[in-house]
Amino acid sequence: MARIDHTNVMRDRLLNLVLEFAEERPDRLYSMGFPENWERQELWNDIYARNPRRVAQARMLRDVELLYTKDAAANLTVKPKESARRSLLNYYRKHGAVLSVPGTTAHRYPAFQFNKVTGDVNELAVLANRRLMYGGTTSEEIRWEALSWWVSSVEITNEHVSRIEALLSGRLTKEMLDQALPPLADE
(Lines give C-alpha, C1' and ligand atoms only; values in the text may rest on other atoms or scores of the structure.)
Protein backbone atom coordinates (compact mmCIF):
# COMPACT_ATOMS: atom_id res chain seq x y z
CA MET A 1 0.00 0.00 0.00
CA ALA A 2 2.83 2.42 0.74
CA ARG A 3 3.91 2.06 -2.87
CA ILE A 4 0.45 2.94 -4.19
CA ASP A 5 -0.25 6.15 -2.30
CA HIS A 6 2.36 8.06 -0.34
CA THR A 7 -0.21 10.25 1.42
CA ASN A 8 -1.78 9.35 4.74
CA VAL A 9 -5.39 9.78 3.51
CA MET A 10 -5.52 6.40 1.81
CA ARG A 11 -3.85 4.70 4.76
CA ASP A 12 -6.29 6.25 7.23
CA ARG A 13 -9.35 5.29 5.16
CA LEU A 14 -8.12 1.73 4.76
CA LEU A 15 -7.30 1.38 8.45
CA ASN A 16 -10.77 2.59 9.43
CA LEU A 17 -12.46 0.26 6.93
CA VAL A 18 -10.57 -2.75 8.24
CA LEU A 19 -11.25 -1.86 11.88
CA GLU A 20 -14.97 -1.37 11.16
CA PHE A 21 -15.09 -4.65 9.26
CA ALA A 22 -13.55 -6.51 12.20
CA GLU A 23 -15.35 -4.63 14.99
CA GLU A 24 -18.08 -7.22 15.56
CA ARG A 25 -15.97 -10.29 14.75
CA PRO A 26 -12.23 -9.77 15.28
CA ASP A 27 -11.61 -13.40 14.28
CA ARG A 28 -12.35 -12.38 10.68
CA LEU A 29 -8.95 -10.72 10.39
CA TYR A 30 -7.15 -13.75 11.73
CA SER A 31 -8.91 -16.02 9.23
CA MET A 32 -7.91 -13.60 6.45
CA GLY A 33 -4.24 -13.88 7.41
CA PHE A 34 -3.75 -10.64 9.32
CA PRO A 35 -0.86 -11.03 11.78
CA GLU A 36 -1.41 -10.35 15.46
CA ASN A 37 -1.08 -6.63 16.29
CA TRP A 38 -1.06 -5.77 12.59
CA GLU A 39 -2.40 -2.28 13.30
CA ARG A 40 0.73 -1.46 15.35
CA GLN A 41 3.11 -1.96 12.43
CA GLU A 42 5.03 1.11 11.28
CA LEU A 43 2.98 1.52 8.12
CA TRP A 44 -0.13 2.41 10.12
CA ASN A 45 1.54 5.10 12.30
CA ASP A 46 0.45 8.70 11.83
CA ILE A 47 4.04 9.78 11.23
CA TYR A 48 4.82 7.04 8.72
CA ALA A 49 6.34 8.33 5.50
CA ARG A 50 8.00 6.59 2.63
CA ASN A 51 11.78 6.76 2.51
CA PRO A 52 12.52 9.56 0.00
CA ARG A 53 15.73 7.86 -1.14
CA ARG A 54 13.85 4.66 -1.94
CA VAL A 55 11.15 6.64 -3.73
CA ALA A 56 13.81 8.28 -5.94
CA GLN A 57 15.40 4.89 -6.64
CA ALA A 58 12.05 3.37 -7.60
CA ARG A 59 11.36 6.31 -9.88
CA MET A 60 14.70 5.77 -11.65
CA LEU A 61 14.04 2.06 -12.09
CA ARG A 62 10.76 2.76 -13.87
CA ASP A 63 12.76 4.36 -16.70
CA VAL A 64 15.30 1.58 -17.13
CA GLU A 65 15.05 -1.96 -18.45
CA LEU A 66 16.92 -4.25 -16.05
CA LEU A 67 18.55 -7.59 -16.70
CA TYR A 68 19.29 -10.34 -14.22
CA THR A 69 22.87 -11.62 -14.17
CA LYS A 70 22.15 -14.54 -16.47
CA ASP A 71 20.45 -12.30 -19.04
CA ALA A 72 23.17 -9.65 -18.84
CA ALA A 73 25.87 -12.28 -19.35
CA ALA A 74 23.95 -13.67 -22.33
CA ASN A 75 24.43 -10.28 -24.04
CA LEU A 76 28.21 -10.71 -23.94
CA THR A 77 28.36 -12.86 -27.07
CA VAL A 78 31.92 -11.67 -27.66
CA LYS A 79 32.73 -14.75 -25.54
CA PRO A 80 31.58 -18.09 -26.98
CA LYS A 81 30.84 -19.98 -23.74
CA GLU A 82 28.31 -19.15 -21.04
CA SER A 83 30.87 -19.53 -18.25
CA ALA A 84 33.24 -17.13 -20.02
CA ARG A 85 30.40 -14.62 -20.41
CA ARG A 86 29.60 -14.77 -16.69
CA SER A 87 33.29 -14.32 -15.87
CA LEU A 88 33.53 -11.33 -18.20
CA LEU A 89 30.43 -9.74 -16.67
CA ASN A 90 31.87 -10.24 -13.18
CA TYR A 91 35.19 -8.74 -14.30
CA TYR A 92 33.42 -5.73 -15.79
CA ARG A 93 31.35 -5.24 -12.63
CA LYS A 94 34.36 -5.46 -10.30
CA HIS A 95 36.27 -2.92 -12.39
CA GLY A 96 33.38 -0.48 -12.67
CA ALA A 97 32.96 -0.98 -16.42
CA VAL A 98 29.35 -2.10 -16.10
CA LEU A 99 26.73 -0.68 -13.77
CA SER A 100 24.63 -2.95 -11.60
CA VAL A 101 22.05 -1.83 -9.09
CA PRO A 102 20.94 -3.74 -6.02
CA GLY A 103 17.61 -5.52 -6.25
CA THR A 104 15.67 -7.41 -3.62
CA THR A 105 17.57 -10.66 -4.17
CA ALA A 106 20.42 -9.83 -6.56
CA HIS A 107 22.07 -7.06 -8.50
CA ARG A 108 20.50 -6.22 -11.83
CA TYR A 109 22.08 -4.63 -14.85
CA PRO A 110 20.58 -1.77 -16.86
CA ALA A 111 20.15 -3.13 -20.40
CA PHE A 112 21.21 0.07 -22.18
CA GLN A 113 24.88 -0.70 -21.48
CA PHE A 114 24.97 -3.77 -23.69
CA ASN A 115 25.59 -3.50 -27.43
CA LYS A 116 23.86 -6.40 -29.15
CA VAL A 117 25.71 -5.74 -32.42
CA THR A 118 29.20 -6.09 -30.90
CA GLY A 119 28.15 -8.56 -28.21
CA ASP A 120 29.94 -6.48 -25.61
CA VAL A 121 29.39 -3.46 -23.38
CA ASN A 122 29.14 -0.15 -25.24
CA GLU A 123 32.55 1.58 -25.13
CA LEU A 124 31.10 4.93 -24.05
CA ALA A 125 29.11 3.19 -21.31
CA VAL A 126 32.34 1.58 -20.07
CA LEU A 127 34.10 4.96 -19.96
CA ALA A 128 31.20 6.68 -18.22
CA ASN A 129 30.67 3.86 -15.73
CA ARG A 130 34.35 3.69 -14.80
CA ARG A 131 34.40 7.43 -14.23
CA LEU A 132 31.14 7.42 -12.29
CA MET A 133 32.21 4.48 -10.13
CA TYR A 134 35.84 5.51 -9.71
CA GLY A 135 37.25 2.56 -11.63
CA GLY A 136 35.46 -0.04 -9.54
CA THR A 137 35.87 1.17 -5.97
CA THR A 138 32.20 1.65 -5.40
CA SER A 139 29.33 1.31 -2.98
CA GLU A 140 25.61 0.86 -3.42
CA GLU A 141 25.14 4.59 -2.96
CA ILE A 142 27.63 5.33 -5.75
CA ARG A 143 25.86 2.83 -8.01
CA TRP A 144 22.57 4.66 -7.47
CA GLU A 145 24.28 7.99 -8.15
CA ALA A 146 25.68 6.54 -11.38
CA LEU A 147 22.22 5.41 -12.47
CA SER A 148 20.88 8.86 -11.58
CA TRP A 149 23.51 10.39 -13.89
CA TRP A 150 22.43 8.10 -16.73
CA VAL A 151 18.69 8.83 -16.40
CA SER A 152 19.15 12.58 -15.92
CA SER A 153 18.45 14.92 -18.79
CA VAL A 154 21.06 16.60 -20.96
CA GLU A 155 20.56 19.08 -23.78
CA ILE A 156 21.75 17.87 -27.18
CA THR A 157 20.97 19.94 -30.27
CA ASN A 158 18.27 21.94 -28.46
CA GLU A 159 16.54 18.80 -27.21
CA HIS A 160 16.46 17.44 -23.67
CA VAL A 161 17.07 13.69 -23.54
CA SER A 162 18.37 11.31 -20.91
CA ARG A 163 21.96 10.24 -21.25
CA ILE A 164 20.63 6.73 -21.88
CA GLU A 165 18.65 8.01 -24.87
CA ALA A 166 21.70 9.95 -26.07
CA LEU A 167 23.87 6.82 -25.85
CA LEU A 168 21.35 4.58 -27.61
CA SER A 169 20.70 7.09 -30.40
CA GLY A 170 24.42 7.65 -31.01
CA ARG A 171 24.28 11.30 -29.92
CA LEU A 172 26.46 10.86 -26.84
CA THR A 173 30.08 11.40 -27.87
CA LYS A 174 33.38 10.91 -26.09
CA GLU A 175 33.91 14.68 -26.17
CA MET A 176 30.60 15.23 -24.39
CA LEU A 177 31.53 12.55 -21.90
CA ASP A 178 34.93 14.17 -21.27
CA GLN A 179 33.20 17.49 -20.55
CA ALA A 180 30.72 15.92 -18.14
CA LEU A 181 33.05 13.47 -16.41
CA PRO A 182 36.81 14.03 -16.16
CA PRO A 183 38.87 11.11 -17.52
CA LEU A 184 40.57 8.78 -15.05
CA ALA A 185 44.36 8.68 -14.84
CA ASP A 186 44.49 5.15 -16.30
CA GLU A 187 42.57 5.98 -19.51
# chains A, B, ... in the order shown; residues from 1 in each chain; ligands from 1
>>> select_by_dssp(residues="segment 20-166 of chain A", states="alpha helix (DSSP H)", output="number ranges by chain")
A: 20-22, 27-31, 52-62, 69-74, 82-94, 123-132, 140-151, 163-166
>>> residues_around(residues="segment 76-86 of chain A", least_positions_apart="3", cutoff="10 Å", atoms="only C-alpha atoms", output="ChimeraX atom specification")
/A:69-73,89-92,114-121
>>> residues_around(residues="Glu145 of chain A", least_positions_apart="4", cutoff="9 Å", atoms="only C-alpha atoms", output="short mmCIF file (atom, residue, chain, number, x, y, z; two decimals) with N, CA and C atoms, in the first residue's frame")
data_model
loop_
_atom_site.label_atom_id
_atom_site.label_comp_id
_atom_site.auth_asym_id
_atom_site.auth_seq_id
_atom_site.Cartn_x
_atom_site.Cartn_y
_atom_site.Cartn_z
N LEU A 132 32.18 7.24 -13.31
CA LEU A 132 31.14 7.42 -12.29
C LEU A 132 31.40 6.57 -11.05
N MET A 133 32.00 5.40 -11.25
CA MET A 133 32.21 4.48 -10.13
C MET A 133 33.69 4.37 -9.76
N GLU A 140 26.98 0.83 -2.89
CA GLU A 140 25.61 0.86 -3.42
C GLU A 140 25.17 2.29 -3.68
N GLU A 141 25.52 3.19 -2.78
CA GLU A 141 25.14 4.59 -2.96
C GLU A 141 25.74 5.17 -4.24
N TRP A 149 22.83 9.65 -12.83
CA TRP A 149 23.51 10.39 -13.89
C TRP A 149 23.01 9.93 -15.26
N TRP A 150 22.87 8.63 -15.44
CA TRP A 150 22.43 8.10 -16.73
C TRP A 150 21.00 8.51 -17.07
#
>>> select_by_dssp(residues="chain A", states="strand (DSSP E)", output="ChimeraX atom specification")
/A:66-67,101-102,107-110,114-115,120-121,153-156,159-162
>>> closest_residue(among="A:Leu66, A:Leu88, A:Leu124, A:Ala74", to="Met176 of chain A", atoms="only C-alpha atoms")
A:Leu124
>>> residues_around(residues="Arg108 of chain A", least_positions_apart="3", cutoff="9 Å", atoms="only C-alpha atoms", output="PyMOL selection string")
chain A and resi 66-69+72+99-103
>>> atom_distance(atom1="atom CA of Ser87 of chain A", atom2="atom CA of His107 of chain A")
15.3 Å
>>> atom_distance(atom1="atom CA of Leu167 of chain A", atom2="atom CA of Leu184 of chain A")
20.0 Å
>>> closest_residue(among="A:Glu165, A:Asp178, A:Asp186, A:Asp12", to="Tyr48 of chain A", atoms="only C-alpha atoms")
A:Asp12
>>> closest_residue(among="A:Asn16, A:Asn45, A:Gln179, A:Ser169", to="Arg131 of chain A", atoms="only C-alpha atoms")
A:Gln179
>>> closest_residue(among="A:Ile164, A:Thr137, A:Val55, A:Thr157", to="Ala125 of chain A", atoms="only C-alpha atoms")
A:Ile164
>>> atom_distance(atom1="atom CA of Glu159 of chain A", atom2="atom CA of Arg171 of chain A")
11.1 Å
